[in-house]
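Notes follow the structure.
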Amino acid sequence: MNEYSQIDRVLQRYHYDSKALVNILQEVQETCKGRYISEATAEYVAERLDVTKSNVYEVVTFFAALREHPVGEVLIQLCNSTVCKVKKNIEVKNALEEALGIQMGETTKDKKFTLQYTTCFGACDVSPAVRVNKVVYGNLDRETTLALIAKLRREHCE
Ligand code: FES
């Protein structure tokens with residue numbers, strides 16, 4: 001199945017209703033290579049929903065959950081909201097950057113891992129926390145973060 005037929009399936013599920021544009025784009029993004037809304041994807045969705053490409057881009061740029069640039073196969077989002085900051089998410093950040101050899105906001109050269117900050121995703125009771133492709137890992141410190149990266153490497157790089 002090609003990328004456009006997957007996009008069509010999402011659009012069909014929403015009955016081509018442009019009022020559902022945010023939800024549509026979130027689902028479409030996850031079906032696309034690089035998990036972002038490319039220019040070609042934005043154009044295709046706009047055409048199928050009978051809206052302008054700039055309508056699509058306004059939504060993509062406004063909602064933090066939507067991405068204009070590709071991310072790695074493993075998207076690691078570190079919460080940078082108050083509780084996680086107080087609980088020393090800086091230690092987690094340093095361990096992530098050290099283990100992967102990249103800075104927050106970057107993707108590894110092999111396109112496997114992307115590091116991003118995010119806002120609170122409701123895991124404050126186990127802060128500091130990260131979300132890895134939607135799975136939450138909490139109560140992290142330097143050691144558990146390094147162990148998490150080792151586990152993710154085994155799962156995604158071997
Ligand atoms: S403040 Fe980090 S998960 Fe809520």
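Within each chain, counting starts at residue 1; across the structure tokens, chains are named A, B, ... in the order shown, with ligands numbered 1 upward in that order.
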### Message
Show me which residues are within 7 Å of ligand 1 counting only C-alpha atoms and all ligand atoms, and format the list as JSON, numbers by chain.
### Response
{"A": [79, 80, 81, 82, 83, 84, 119, 120, 121, 122, 123, 124, 127, 128, 129]}
task: Run DSSP on the backbone of this structure and report the residues of segment 4-156 of chain A it assigns to helix (DSSP H, G or I), as an MDAnalysis selection string.
output: chainID A and resid 4:13 18:31 39:49 53:62 82:86 89:100 124:126 142:156
Taken to one decimal, the atom CA of Val74 of chain A-atom CA of Lys111 of chain A distance is 8.6 Å
A straight line from atom CA of Arg48 of chain A to atom CA of Val10 of chain A spans 11.3 Å
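Those residues that approach Tyr117 of chain A to within 12 Å, counting only C-alpha atoms, are Ala64, Ala65, Leu75, Ile76, Gln77, Leu78, Cys79, Asn80, Ser81, Cys84, Lys85, Asn89, Ile90, Val92, Lys93, Leu96, Gln103, Met104, Gly105, Glu106, Ala129, Val130, Arg131 and Val132 of chain A; same-chain residues fewer than 5 positions away are not listed.
In terms of minimum interatomic distance to Leu152 of chain A, A:Glu73 ranks closest within A:Glu73, A:Asn139, A:Glu91, A:Tyr16, counting only C-alpha atoms.
A straight line drawn from atom CA of Ile37 of chain A to atom CA of Gly101 of chain A is 26.3 Å long.
Nearest to Thr145 of chain A of all the residues A:Val56, A:Leu100, A:Ile7, A:Ala42 is A:Leu100, counting only C-alpha atoms.
When only C-alpha atoms are used to compute distances to Ser54 of chain A, the closest of the residues A:Val136, A:Glu39, A:Gln29, A:Arg67 turns out to be A:Glu39.
Nearest-residue note for Ala99 of chain A: choosing from A:Val51, A:Ala150, A:Ala46, A:Leu140, the minimum distance belongs to A:Ala150, counting only C-alpha atoms.
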